[in-house]
file input.cif (mmCIF, C-alpha atoms)
data_input
loop_
_atom_site.label_atom_id
_atom_site.label_comp_id
_atom_site.auth_asym_id
_atom_site.auth_seq_id
_atom_site.Cartn_x
_atom_site.Cartn_y
_atom_site.Cartn_z
CA MET F 26 39.10 56.80 -28.69
CA ASN F 27 39.25 55.58 -25.11
CA PRO F 28 42.43 56.98 -23.51
CA ASP F 29 43.50 53.51 -22.44
CA GLN F 30 43.29 52.31 -26.05
CA GLY F 31 45.65 55.05 -27.11
CA ASP F 32 48.18 54.02 -24.45
CA GLN F 33 48.32 50.36 -25.34
CA PRO F 34 51.08 50.26 -28.00
CA ARG F 35 53.55 51.66 -25.46
CA PHE F 36 53.23 48.84 -22.99
CA LEU F 37 52.14 45.75 -24.91
CA HIS F 38 54.64 43.60 -26.77
CA SER F 39 54.13 44.06 -30.49
CA ASP F 40 54.24 40.33 -31.20
CA GLU F 41 52.25 39.10 -28.18
CA PRO F 42 49.95 41.45 -26.32
CA ALA F 43 50.15 41.15 -22.56
CA LEU F 44 46.48 40.21 -22.30
CA LEU F 45 46.89 37.32 -24.71
CA ALA F 46 49.92 36.18 -22.73
CA ALA F 47 47.85 36.27 -19.53
CA GLU F 48 45.09 34.20 -21.14
CA ARG F 49 47.63 31.62 -22.26
CA LEU F 50 49.03 31.45 -18.74
CA ALA F 51 45.51 30.92 -17.36
CA ASP F 52 45.07 27.98 -19.77
CA ARG F 53 48.39 26.51 -18.69
CA LEU F 54 47.62 26.88 -14.99
CA CYS F 55 44.28 25.12 -15.42
CA ALA F 56 45.97 22.17 -17.14
CA VAL F 57 48.81 21.98 -14.60
CA VAL F 58 46.65 22.27 -11.48
CA ARG F 59 43.95 19.88 -12.62
CA GLY F 60 46.60 17.48 -13.89
CA ALA F 61 48.24 17.43 -10.47
CA LEU F 62 44.92 16.69 -8.79
CA ALA F 63 43.73 14.14 -11.34
CA GLY F 64 46.95 12.15 -11.28
CA ALA F 65 47.26 12.00 -7.49
CA ASP F 66 46.56 8.92 -5.41
CA GLU F 67 45.34 9.31 -1.83
CA ALA F 68 48.80 9.85 -0.36
CA GLU F 69 49.76 12.33 -3.08
CA ARG F 70 46.52 14.24 -2.64
CA LEU F 71 47.26 14.57 1.07
CA ALA F 72 50.71 15.93 0.19
CA LEU F 73 49.17 18.49 -2.17
CA GLY F 74 47.10 19.75 0.76
CA ARG F 75 50.01 20.17 3.16
CA PRO F 76 51.91 23.45 3.64
CA ALA F 77 55.01 23.53 1.44
CA GLY F 78 56.58 26.68 2.89
CA GLN F 79 56.11 30.35 3.63
CA GLY F 80 56.18 32.48 0.50
CA ALA F 81 56.67 36.22 0.35
CA GLY F 82 52.96 36.80 0.86
CA ASP F 83 51.27 33.66 2.15
CA ILE F 84 51.71 30.00 3.02
CA SER F 85 52.28 27.83 -0.04
CA TYR F 86 50.68 24.39 -0.24
CA GLY F 87 51.81 21.38 -2.20
CA LEU F 88 49.31 22.22 -4.93
CA ASP F 89 50.90 25.66 -5.37
CA VAL F 90 54.30 24.20 -6.32
CA PRO F 91 53.50 23.04 -9.89
CA ALA F 92 51.56 26.25 -10.48
CA GLU F 93 54.54 28.40 -9.48
CA ARG F 94 56.79 26.36 -11.77
CA ALA F 95 54.39 26.98 -14.64
CA ILE F 96 54.52 30.74 -13.97
CA GLU F 97 58.31 30.66 -13.90
CA GLY F 98 58.53 28.99 -17.30
CA TRP F 99 55.90 31.31 -18.78
CA ALA F 100 57.63 34.44 -17.48
CA GLU F 101 61.03 33.43 -18.79
CA ALA F 102 59.63 32.68 -22.25
CA LEU F 103 57.87 36.04 -22.34
CA ALA F 104 60.88 37.94 -21.00
CA ARG F 105 63.03 36.71 -23.88
CA ARG F 106 60.89 38.96 -26.10
CA GLY F 107 60.77 42.06 -23.92
CA PRO F 108 60.99 43.39 -20.37
CA LEU F 109 58.33 42.72 -17.76
CA SER F 110 57.69 42.83 -14.02
CA LEU F 111 56.02 39.99 -12.18
CA LEU F 112 54.44 39.79 -8.72
CA THR F 113 53.48 36.47 -7.14
CA GLU F 114 52.71 35.52 -3.56
CA GLU F 115 55.73 33.22 -3.59
CA THR F 116 58.49 35.65 -4.63
CA GLY F 117 57.10 39.20 -4.52
CA TRP F 118 58.18 41.50 -7.36
CA ARG F 119 60.71 40.33 -9.96
CA HIS F 120 61.87 42.15 -13.08
CA LEU F 121 63.02 40.23 -16.16
CA GLY F 122 64.14 41.04 -19.66
CA PRO F 123 66.19 39.74 -22.63
CA ASP F 124 69.90 39.27 -22.04
CA GLY F 125 70.78 39.87 -25.70
CA GLN F 126 71.91 36.27 -26.18
CA GLY F 127 68.55 34.53 -26.36
CA GLY F 128 68.19 34.20 -22.61
CA VAL F 129 66.79 36.19 -19.70
CA ARG F 130 68.38 38.45 -17.12
CA GLU F 131 67.18 40.10 -13.95
CA LEU F 132 66.45 43.81 -14.32
CA GLY F 133 67.07 46.44 -11.69
CA GLY F 134 63.47 47.42 -11.10
CA PHE F 135 60.53 49.18 -12.70
CA GLY F 136 60.86 51.76 -15.44
CA HIS F 137 61.78 49.30 -18.19
CA GLY F 138 58.68 50.12 -20.26
CA GLY F 139 57.17 46.64 -20.24
CA PRO F 140 53.96 45.40 -18.61
CA ALA F 141 53.63 44.38 -14.97
CA PHE F 142 51.75 41.18 -14.11
CA VAL F 143 50.18 40.51 -10.70
CA ILE F 144 49.38 36.81 -10.39
CA ASP F 145 47.68 34.54 -7.90
CA PRO F 146 47.82 31.15 -9.62
CA ILE F 147 45.32 29.52 -7.25
CA ASP F 148 43.02 31.76 -5.25
CA GLY F 149 40.93 29.34 -3.25
CA THR F 150 43.62 26.69 -2.76
CA ARG F 151 42.03 25.43 0.44
CA ASN F 152 38.74 24.69 -1.34
CA LEU F 153 40.30 23.07 -4.38
CA MET F 154 42.89 20.88 -2.70
CA ALA F 155 40.06 19.27 -0.71
CA ASP F 156 38.00 19.01 -3.93
CA LEU F 157 35.21 21.02 -2.31
CA ARG F 158 34.77 23.94 -4.70
CA SER F 159 36.33 25.79 -7.61
CA ALA F 160 39.35 28.04 -7.20
CA TYR F 161 40.46 30.76 -9.65
CA SER F 162 43.64 31.88 -11.32
CA VAL F 163 43.75 35.67 -11.02
CA ILE F 164 46.01 37.71 -13.30
CA GLY F 165 46.14 41.51 -13.32
CA ILE F 166 48.07 43.60 -15.84
CA ALA F 167 49.33 47.07 -14.94
CA ARG F 168 50.68 49.79 -17.19
CA PRO F 169 54.43 50.52 -16.99
CA THR F 170 55.41 52.66 -14.04
CA ALA F 171 58.65 54.07 -12.70
CA ALA F 172 57.92 52.61 -9.25
CA ALA F 173 55.76 49.80 -7.92
CA PRO F 174 52.27 50.12 -9.42
CA ARG F 175 49.03 50.52 -7.52
CA SER F 176 45.58 49.15 -8.23
CA GLY F 177 44.76 52.31 -10.19
CA ASP F 178 47.46 51.31 -12.70
CA LEU F 179 45.69 48.07 -13.61
CA ILE F 180 44.42 48.04 -17.18
CA ALA F 181 43.31 44.43 -17.69
CA GLY F 182 42.44 41.29 -15.77
CA VAL F 183 41.88 37.58 -16.36
CA VAL F 184 39.96 35.50 -13.80
CA SER F 185 39.90 31.84 -14.83
CA GLU F 186 38.06 29.07 -13.01
CA LEU F 187 39.88 26.00 -11.71
CA PRO F 188 36.99 23.56 -11.23
CA ALA F 189 36.83 20.70 -8.76
CA SER F 190 37.51 17.23 -10.15
CA ASP F 191 33.93 16.51 -11.24
CA GLY F 192 33.65 19.74 -13.25
CA GLY F 193 33.58 19.45 -17.03
CA ARG F 194 33.24 23.16 -17.78
CA ALA F 195 34.83 26.36 -16.55
CA ARG F 196 34.22 30.10 -16.69
CA ARG F 197 36.77 32.71 -17.61
CA PHE F 198 36.37 36.47 -17.24
CA VAL F 199 38.49 38.85 -19.29
CA GLY F 200 38.24 42.56 -18.46
CA ARG F 201 39.90 45.59 -20.08
CA ARG F 202 39.60 48.94 -18.38
CA GLY F 203 37.09 51.10 -20.19
CA LEU F 204 36.26 48.30 -22.65
CA GLY F 205 34.08 45.94 -20.60
CA CYS F 206 34.30 42.37 -19.36
CA ILE F 207 33.64 39.19 -21.33
CA GLU F 208 32.46 35.98 -19.67
CA GLU F 209 33.50 32.83 -21.52
CA ARG F 210 32.20 29.36 -20.73
CA ARG F 211 34.48 26.62 -21.95
CA PHE F 212 34.63 22.87 -21.94
CA LEU F 213 37.67 21.39 -20.27
CA GLY F 214 40.12 19.83 -22.71
CA SER F 215 41.58 16.35 -22.52
CA ASP F 216 44.70 17.81 -20.87
CA GLY F 217 42.62 19.43 -18.11
CA GLY F 218 43.05 22.92 -19.55
CA LEU F 219 40.38 25.11 -21.07
CA GLY F 220 39.08 23.66 -24.31
CA ALA F 221 36.41 24.58 -26.85
CA LYS F 222 34.30 27.66 -26.17
CA LEU F 223 30.72 26.91 -25.18
CA SER F 224 29.50 30.51 -25.04
CA GLU F 225 30.67 34.08 -24.74
CA ARG F 226 28.89 37.24 -23.63
CA ARG F 227 29.60 40.71 -22.40
CA LEU F 228 28.69 40.82 -18.74
CA TYR F 229 26.66 43.63 -17.20
CA ALA F 230 25.47 44.13 -13.63
CA ASP F 231 21.72 43.91 -13.30
CA GLY F 232 19.78 46.89 -12.00
CA GLU F 233 17.85 44.97 -9.38
CA LEU F 234 17.55 45.93 -5.73
CA ARG F 235 17.09 42.38 -4.46
CA LEU F 236 17.90 41.97 -0.79
CA THR F 237 15.58 39.19 0.35
CA HIS F 238 16.10 35.59 -0.70
CA ALA F 239 19.60 36.76 -1.56
CA PHE F 240 23.19 36.13 -0.46
CA LEU F 241 24.63 38.92 1.72
CA PRO F 242 27.66 37.28 3.39
CA PHE F 243 30.25 38.62 5.81
CA PHE F 244 33.40 36.59 5.31
CA ARG F 245 34.62 34.99 8.56
CA TYR F 246 37.82 33.07 7.91
CA ALA F 247 39.88 32.99 11.11
CA PRO F 248 38.16 31.76 14.31
CA ASP F 249 39.76 34.44 16.50
CA LEU F 250 38.25 37.26 14.40
CA ARG F 251 34.77 35.78 14.06
CA PRO F 252 33.28 37.35 17.21
CA GLY F 253 34.35 40.86 16.16
CA ILE F 254 33.07 40.35 12.62
CA ALA F 255 29.83 38.93 14.00
CA ARG F 256 29.23 42.08 16.04
CA VAL F 257 29.37 44.22 12.91
CA GLU F 258 27.23 41.73 11.02
CA ALA F 259 24.59 41.66 13.75
CA ALA F 260 24.45 45.47 13.90
CA PHE F 261 24.17 45.63 10.10
CA PHE F 262 21.23 43.25 9.86
CA GLU F 263 19.51 44.79 12.88
CA ARG F 264 19.63 48.13 11.05
CA LEU F 265 18.21 46.56 7.90
CA GLU F 266 15.30 45.17 9.90
CA ARG F 267 14.68 48.42 11.78
CA HIS F 268 15.19 50.98 9.03
CA GLU F 269 14.42 49.05 5.84
CA GLY F 270 11.83 46.57 7.09
CA LEU F 271 13.90 43.72 5.69
CA ASP F 272 13.04 40.16 6.72
CA THR F 273 16.57 38.99 7.49
CA ARG F 274 15.43 35.37 7.76
CA ALA F 275 15.61 35.47 3.96
CA CYS F 276 19.18 36.81 3.86
CA PHE F 277 21.56 33.96 3.10
CA ASP F 278 25.16 33.34 4.14
CA ASP F 279 27.99 31.71 2.20
CA GLN F 280 31.54 31.13 3.36
CA TYR F 281 33.70 30.76 0.25
CA ILE F 282 37.45 30.79 0.95
CA CYS F 283 38.27 32.65 -2.25
CA SER F 284 38.40 36.43 -2.58
CA ALA F 285 38.27 36.33 -6.39
CA GLY F 286 35.35 33.92 -6.06
CA HIS F 287 33.48 36.56 -4.05
CA LEU F 288 33.88 39.04 -6.90
CA VAL F 289 32.89 36.44 -9.50
CA LEU F 290 29.67 35.78 -7.62
CA LEU F 291 28.99 39.53 -7.42
CA MET F 292 29.63 39.83 -11.18
CA ARG F 293 27.17 37.04 -11.85
CA GLY F 294 24.56 38.60 -9.56
CA LEU F 295 24.52 35.60 -7.20
CA TYR F 296 25.97 37.56 -4.30
CA ARG F 297 24.20 40.88 -3.80
CA PHE F 298 26.72 42.07 -1.20
CA VAL F 299 29.86 40.79 0.51
CA ALA F 300 32.07 42.29 3.22
CA ASP F 301 35.58 41.26 4.24
CA LEU F 302 36.26 43.02 7.55
CA ARG F 303 39.34 41.08 8.66
CA PRO F 304 41.89 43.95 8.55
CA LEU F 305 39.54 46.29 10.40
CA VAL F 306 38.68 43.81 13.17
CA ALA F 307 42.29 42.64 13.51
CA ARG F 308 43.45 46.24 13.94
CA ARG F 309 40.74 46.95 16.51
CA GLU F 310 41.59 43.89 18.56
CA GLY F 311 45.37 43.98 18.16
CA LYS F 312 45.44 40.58 16.46
CA ARG F 313 47.29 39.21 13.48
CA SER F 314 45.04 38.19 10.63
CA VAL F 315 45.21 36.14 7.46
CA PRO F 316 43.72 38.79 5.16
CA THR F 317 43.00 39.19 1.49
CA LYS F 318 46.15 40.45 -0.25
CA PRO F 319 46.41 42.64 -3.37
CA TYR F 320 47.34 39.74 -5.64
CA ASP F 321 44.11 37.93 -4.67
CA LEU F 322 42.03 40.75 -6.11
CA ALA F 323 44.06 42.58 -8.76
CA GLY F 324 42.77 40.92 -11.93
CA ALA F 325 39.29 40.43 -10.50
CA LEU F 326 39.07 44.10 -9.54
CA VAL F 327 39.32 45.16 -13.20
CA CYS F 328 36.72 42.63 -14.32
CA ALA F 329 34.24 43.44 -11.54
CA ARG F 330 34.38 47.18 -12.12
CA GLU F 331 33.86 46.73 -15.85
CA VAL F 332 30.74 44.69 -15.11
CA GLY F 333 29.35 47.42 -12.86
CA VAL F 334 30.04 45.91 -9.45
CA GLU F 335 30.67 48.58 -6.77
CA LEU F 336 33.78 47.99 -4.64
CA THR F 337 34.85 50.16 -1.71
CA ASP F 338 37.19 50.09 1.22
CA LEU F 339 35.65 49.91 4.69
CA SER F 340 35.28 53.68 4.96
CA GLY F 341 33.18 53.83 1.77
CA ALA F 342 35.99 55.22 -0.42
CA PRO F 343 36.81 53.59 -3.78
CA LEU F 344 38.84 50.44 -3.25
CA GLU F 345 42.50 51.27 -3.92
CA PHE F 346 45.71 49.65 -2.71
CA PRO F 347 49.40 49.14 -3.54
CA LEU F 348 50.22 46.06 -5.58
CA ASP F 349 52.44 44.14 -3.18
CA VAL F 350 52.49 40.98 -1.07
CA HIS F 351 52.01 42.64 2.33
CA THR F 352 49.05 45.02 2.36
CA PRO F 353 45.89 43.64 4.01
CA VAL F 354 42.83 44.54 1.97
CA GLY F 355 39.41 44.93 3.57
CA TYR F 356 36.53 45.69 1.28
CA ALA F 357 32.81 45.76 0.66
CA GLY F 358 31.29 44.70 -2.63
CA TYR F 359 27.82 45.48 -3.97
CA ALA F 360 26.14 43.86 -6.98
CA ASN F 361 25.28 47.28 -8.45
CA ALA F 362 25.00 50.97 -7.62
CA ALA F 363 21.41 50.71 -6.36
CA THR F 364 22.39 48.02 -3.87
CA ARG F 365 25.30 50.08 -2.64
CA ALA F 366 23.08 53.14 -2.15
CA ARG F 367 20.73 51.12 0.04
CA LEU F 368 23.22 49.04 2.03
CA GLU F 369 26.34 51.16 2.43
CA PRO F 370 24.95 53.62 5.03
CA HIS F 371 23.98 50.69 7.23
CA LEU F 372 27.35 48.98 6.86
CA LEU F 373 29.29 52.13 7.74
CA ALA F 374 27.00 52.81 10.71
CA ALA F 375 27.36 49.21 11.92
CA ILE F 376 31.16 49.48 11.72
CA LEU F 377 31.08 52.64 13.84
CA GLU F 378 28.57 51.22 16.34
CA SER F 379 30.46 47.98 16.91
CA GLY F 380 33.77 49.38 18.14
CA PRO F 381 36.43 52.09 17.91
CA LEU F 382 38.29 52.82 14.69
CA ARG F 383 42.08 52.69 14.87
CA GLY F 384 43.90 54.00 11.85
CA ALA F 385 43.33 53.23 8.22
CA PHE F 386 41.62 50.13 6.91
#

call {"tool": "encode", "arguments": {"input": "input.cif", "output": "structure tokens"}}
result
Amino acid sequence: MNPDQGDQPRFLHSDEPALLAAERLADRLCAVVRGALAGADEAERLALGRPAGQGAGDISYGLDVPAERAIEGWAEALARRGPLSLLTEETGWRHLGPDGQGGVRELGGFGHGGPAFVIDPIDGTRNLMADLRSAYSVIGIARPTAAAPRSGDLIAGVVSELPASDGGRARRFVGRRGLGCIEERRFLGSDGGLGAKLSERRLYADGELRLTHAFLPFFRYAPDLRPGIARVEAAFFERLERHEGLDTRACFDDQYICSAGHLVLLMRGLYRFVADLRPLVARREGKRSVPTKPYDLAGALVCAREVGVELTDLSGAPLEFPLDVHTPVGYAGYANAATRARLEPHLLAAILESGPLRGAF
């Protein structure tokens, strides 16, 4: 028996496993978000794309508001049955449980024995609210802990596509630590949520070392950090030309404003490599950044690792971080172990060549 299987009865509700609850939330978020977009006229769509306030972890947009309401209702319904902890970018950590009278009360902290959920309802808001590209709902589930959990405590993840308005199908990835990752393709239902299943398969990383005619992007989000990121990128590709004989004219770029989307494309083998250097470059240059946060990646991290994607921090160590709303997360992702073995030495050398290191990243 896998050790994680043996642990499950202690931290999953007996009447509704936490993973099933997460899948139901993903369905609800898809219906709510797409419903908000589909029912909006031009003025309302503009409002959905405007900042709505500063949450605990990031700026919230108008489109985030109905999604956060859906999470609130879901969490309260679940907490009537048993204790749980919940992290969102809007509120940070909350702890809820039954009040003994059919309602819900706030709990004092961790240690209640229930699951912990780490949720980004819309990762890729900026793409979706402009109807440019899919976003994803990202839900991670961590085992009970006495204090705030870390990424190593994650035991399951759900990454569910929120397609643009012309999409009639969506992908969902469900990963359980030590038990693999399933990719589902579903039609969208009449309510905008996920409908009938089109296909299902266990997803495995391929074994290919394919570096030409392939996507190897460095994510460059904020204009003020682009020159520093570009220096590392240039040094990286120069090394690939010099040491590997790679024709970098056949190395493609893609700028997708969605951290979970990066991992999805690695899982599907469409990206062969991706690097997010924002925390490293911001620290070097003494600038504030808008980085990837733990809730952007938590659920996707479980799924990607179960597929066989290699994920590291920017020193080459296994990617690991606290589950909170503050920690900036820099990372490198490789489509498989063979790709990492070939590319990682050049990435680490390019990072060292392009400027001084200052503290952890």

call {"tool": "closest_atom_pairs", "arguments": {"input": "input.cif", "of": "segment 169-224 of chain F", "to": "segment 133-140 of chain F", "cutoff": "7 Å", "atoms": "only C-alpha atoms", "output": "Markdown table"}}
result
| residue | atom | partner | partner_atom | distance |
| --- | --- | --- | --- | --- |
| F:Pro169 | CA | F:Gly138 | CA | 5.4 |
| F:Thr170 | CA | F:Gly136 | CA | 5.7 |
| F:Ala171 | CA | F:Gly136 | CA | 4.2 |
| F:Ala172 | CA | F:Phe135 | CA | 5.5 |
| F:Ala173 | CA | F:Phe135 | CA | 6.8 |

call {"tool": "closest_residue", "arguments": {"input": "input.cif", "among": "F:Leu111, F:Val184, F:Leu250, F:Val327", "to": "Ala285 of chain F", "atoms": "all atoms listed in the file"}}
result
F:Val184

call {"tool": "resolve_selection", "arguments": {"input": "input.cif", "expression": "the PyMOL selection byres ((chain F and resi 132) around 7)", "output": "list in words"}}
result
His120, Leu121, Gly122, Arg130, Glu131, Gly133 and Gly134 of chain F

call {"tool": "write_last_selection", "arguments": {"input": "input.cif", "atoms": "C-alpha atoms", "output": "short mmCIF file (atom, residue, chain, number, x, y, z; two decimals), in the frame of the given file"}}
result
data_model
loop_
_atom_site.label_atom_id
_atom_site.label_comp_id
_atom_site.auth_asym_id
_atom_site.auth_seq_id
_atom_site.Cartn_x
_atom_site.Cartn_y
_atom_site.Cartn_z
CA HIS F 120 61.87 42.15 -13.08
CA LEU F 121 63.02 40.23 -16.16
CA GLY F 122 64.14 41.04 -19.66
CA ARG F 130 68.38 38.45 -17.12
CA GLU F 131 67.18 40.10 -13.95
CA GLY F 133 67.07 46.44 -11.69
CA GLY F 134 63.47 47.42 -11.10
#

call {"tool": "closest_residue", "arguments": {"input": "input.cif", "among": "F:Gln79, F:Thr237, F:Pro242, F:Ala247", "to": "Thr273 of chain F", "atoms": "all atoms listed in the file"}}
result
F:Thr237

call {"tool": "resolve_selection", "arguments": {"input": "input.cif", "expression": "the PyMOL selection byres ((chain F and resi 46-48) around 12)", "output": "MDAnalysis selection string"}}
result
chainID F and resid 37:45 49:55 96 99:100 102:104 106 109 111 140:146 162:167 181:186 197:200 209 218:219 324

call {"tool": "build_atoms", "arguments": {"input": "input.cif", "residues": "segment 263-272 of chain F", "atoms": "all heavy atoms", "output": "PDB file, in the frame of the given file"}}
result
ATOM      1  N   GLU F 263      20.509  44.155  11.996  1.00  0.00           N
ATOM      2  CA  GLU F 263      19.510  44.790  12.880  1.00  0.00           C
ATOM      3  C   GLU F 263      19.058  46.114  12.287  1.00  0.00           C
ATOM      4  O   GLU F 263      17.874  46.456  12.329  1.00  0.00           O
ATOM      5  CB  GLU F 263      20.120  44.984  14.263  1.00  0.00           C
ATOM      6  CG  GLU F 263      19.112  45.400  15.343  1.00  0.00           C
ATOM      7  CD  GLU F 263      18.838  46.898  15.356  1.00  0.00           C
ATOM      8  OE1 GLU F 263      19.741  47.670  14.975  1.00  0.00           O
ATOM      9  OE2 GLU F 263      17.713  47.302  15.741  1.00  0.00           O
ATOM     10  N   ARG F 264      19.982  46.865  11.702  1.00  0.00           N
ATOM     11  CA  ARG F 264      19.630  48.130  11.050  1.00  0.00           C
ATOM     12  C   ARG F 264      18.748  47.896   9.833  1.00  0.00           C
ATOM     13  O   ARG F 264      17.806  48.659   9.581  1.00  0.00           O
ATOM     14  CB  ARG F 264      20.895  48.892  10.652  1.00  0.00           C
ATOM     15  CG  ARG F 264      21.695  49.479  11.806  1.00  0.00           C
ATOM     16  CD  ARG F 264      22.876  50.294  11.281  1.00  0.00           C
ATOM     17  NE  ARG F 264      22.402  51.404  10.447  1.00  0.00           N
ATOM     18  CZ  ARG F 264      22.040  52.601  10.906  1.00  0.00           C
ATOM     19  NH1 ARG F 264      22.107  52.861  12.208  1.00  0.00           N
ATOM     20  NH2 ARG F 264      21.633  53.539  10.085  1.00  0.00           N
ATOM     21  N   LEU F 265      19.039  46.855   9.074  1.00  0.00           N
ATOM     22  CA  LEU F 265      18.210  46.560   7.900  1.00  0.00           C
ATOM     23  C   LEU F 265      16.782  46.197   8.318  1.00  0.00           C
ATOM     24  O   LEU F 265      15.820  46.574   7.638  1.00  0.00           O
ATOM     25  CB  LEU F 265      18.821  45.433   7.078  1.00  0.00           C
ATOM     26  CG  LEU F 265      20.125  45.742   6.353  1.00  0.00           C
ATOM     27  CD1 LEU F 265      20.546  44.549   5.497  1.00  0.00           C
ATOM     28  CD2 LEU F 265      20.007  46.978   5.477  1.00  0.00           C
ATOM     29  N   GLU F 266      16.642  45.489   9.403  1.00  0.00           N
ATOM     30  CA  GLU F 266      15.300  45.170   9.900  1.00  0.00           C
ATOM     31  C   GLU F 266      14.583  46.431  10.378  1.00  0.00           C
ATOM     32  O   GLU F 266      13.418  46.675  10.035  1.00  0.00           O
ATOM     33  CB  GLU F 266      15.394  44.160  11.050  1.00  0.00           C
ATOM     34  CG  GLU F 266      15.774  42.768  10.617  1.00  0.00           C
ATOM     35  CD  GLU F 266      15.810  41.802  11.787  1.00  0.00           C
ATOM     36  OE1 GLU F 266      16.015  42.270  12.945  1.00  0.00           O
ATOM     37  OE2 GLU F 266      15.641  40.593  11.561  1.00  0.00           O
ATOM     38  N   ARG F 267      15.310  47.264  11.147  1.00  0.00           N
ATOM     39  CA  ARG F 267      14.680  48.420  11.780  1.00  0.00           C
ATOM     40  C   ARG F 267      14.385  49.540  10.790  1.00  0.00           C
ATOM     41  O   ARG F 267      13.313  50.152  10.830  1.00  0.00           O
ATOM     42  CB  ARG F 267      15.593  48.925  12.908  1.00  0.00           C
ATOM     43  CG  ARG F 267      15.100  50.174  13.639  1.00  0.00           C
ATOM     44  CD  ARG F 267      15.730  50.297  15.021  1.00  0.00           C
ATOM     45  NE  ARG F 267      17.125  49.935  15.016  1.00  0.00           N
ATOM     46  CZ  ARG F 267      18.138  50.806  14.937  1.00  0.00           C
ATOM     47  NH1 ARG F 267      17.864  52.111  14.820  1.00  0.00           N
ATOM     48  NH2 ARG F 267      19.390  50.416  14.974  1.00  0.00           N
ATOM     49  N   HIS F 268      15.331  49.815   9.903  1.00  0.00           N
ATOM     50  CA  HIS F 268      15.190  50.980   9.030  1.00  0.00           C
ATOM     51  C   HIS F 268      14.630  50.641   7.642  1.00  0.00           C
ATOM     52  O   HIS F 268      14.036  51.506   6.994  1.00  0.00           O
ATOM     53  CB  HIS F 268      16.545  51.679   8.851  1.00  0.00           C
ATOM     54  CG  HIS F 268      17.090  52.244  10.115  1.00  0.00           C
ATOM     55  ND1 HIS F 268      16.589  53.395  10.702  1.00  0.00           N
ATOM     56  CD2 HIS F 268      18.103  51.824  10.910  1.00  0.00           C
ATOM     57  CE1 HIS F 268      17.264  53.654  11.810  1.00  0.00           C
ATOM     58  NE2 HIS F 268      18.189  52.719  11.963  1.00  0.00           N
ATOM     59  N   GLU F 269      14.841  49.419   7.188  1.00  0.00           N
ATOM     60  CA  GLU F 269      14.420  49.050   5.840  1.00  0.00           C
ATOM     61  C   GLU F 269      13.266  48.054   5.840  1.00  0.00           C
ATOM     62  O   GLU F 269      12.720  47.734   4.778  1.00  0.00           O
ATOM     63  CB  GLU F 269      15.591  48.441   5.062  1.00  0.00           C
ATOM     64  CG  GLU F 269      16.821  49.325   4.986  1.00  0.00           C
ATOM     65  CD  GLU F 269      16.621  50.538   4.110  1.00  0.00           C
ATOM     66  OE1 GLU F 269      15.654  50.553   3.307  1.00  0.00           O
ATOM     67  OE2 GLU F 269      17.418  51.498   4.210  1.00  0.00           O
ATOM     68  N   GLY F 270      12.900  47.547   7.020  1.00  0.00           N
ATOM     69  CA  GLY F 270      11.830  46.570   7.090  1.00  0.00           C
ATOM     70  C   GLY F 270      12.180  45.244   6.430  1.00  0.00           C
ATOM     71  O   GLY F 270      11.291  44.502   5.992  1.00  0.00           O
ATOM     72  N   LEU F 271      13.447  44.919   6.384  1.00  0.00           N
ATOM     73  CA  LEU F 271      13.900  43.720   5.690  1.00  0.00           C
ATOM     74  C   LEU F 271      13.697  42.488   6.580  1.00  0.00           C
ATOM     75  O   LEU F 271      14.007  42.511   7.778  1.00  0.00           O
ATOM     76  CB  LEU F 271      15.384  43.859   5.348  1.00  0.00           C
ATOM     77  CG  LEU F 271      15.972  42.838   4.388  1.00  0.00           C
ATOM     78  CD1 LEU F 271      15.373  42.995   3.004  1.00  0.00           C
ATOM     79  CD2 LEU F 271      17.494  43.001   4.319  1.00  0.00           C
ATOM     80  N   ASP F 272      13.168  41.431   6.013  1.00  0.00           N
ATOM     81  CA  ASP F 272      13.040  40.160   6.720  1.00  0.00           C
ATOM     82  C   ASP F 272      14.369  39.426   6.586  1.00  0.00           C
ATOM     83  O   ASP F 272      14.654  38.788   5.571  1.00  0.00           O
ATOM     84  CB  ASP F 272      11.909  39.329   6.108  1.00  0.00           C
ATOM     85  CG  ASP F 272      11.706  38.002   6.839  1.00  0.00           C
ATOM     86  OD1 ASP F 272      12.460  37.717   7.799  1.00  0.00           O
ATOM     87  OD2 ASP F 272      10.808  37.235   6.430  1.00  0.00           O
TER      88      ASP F 272
END
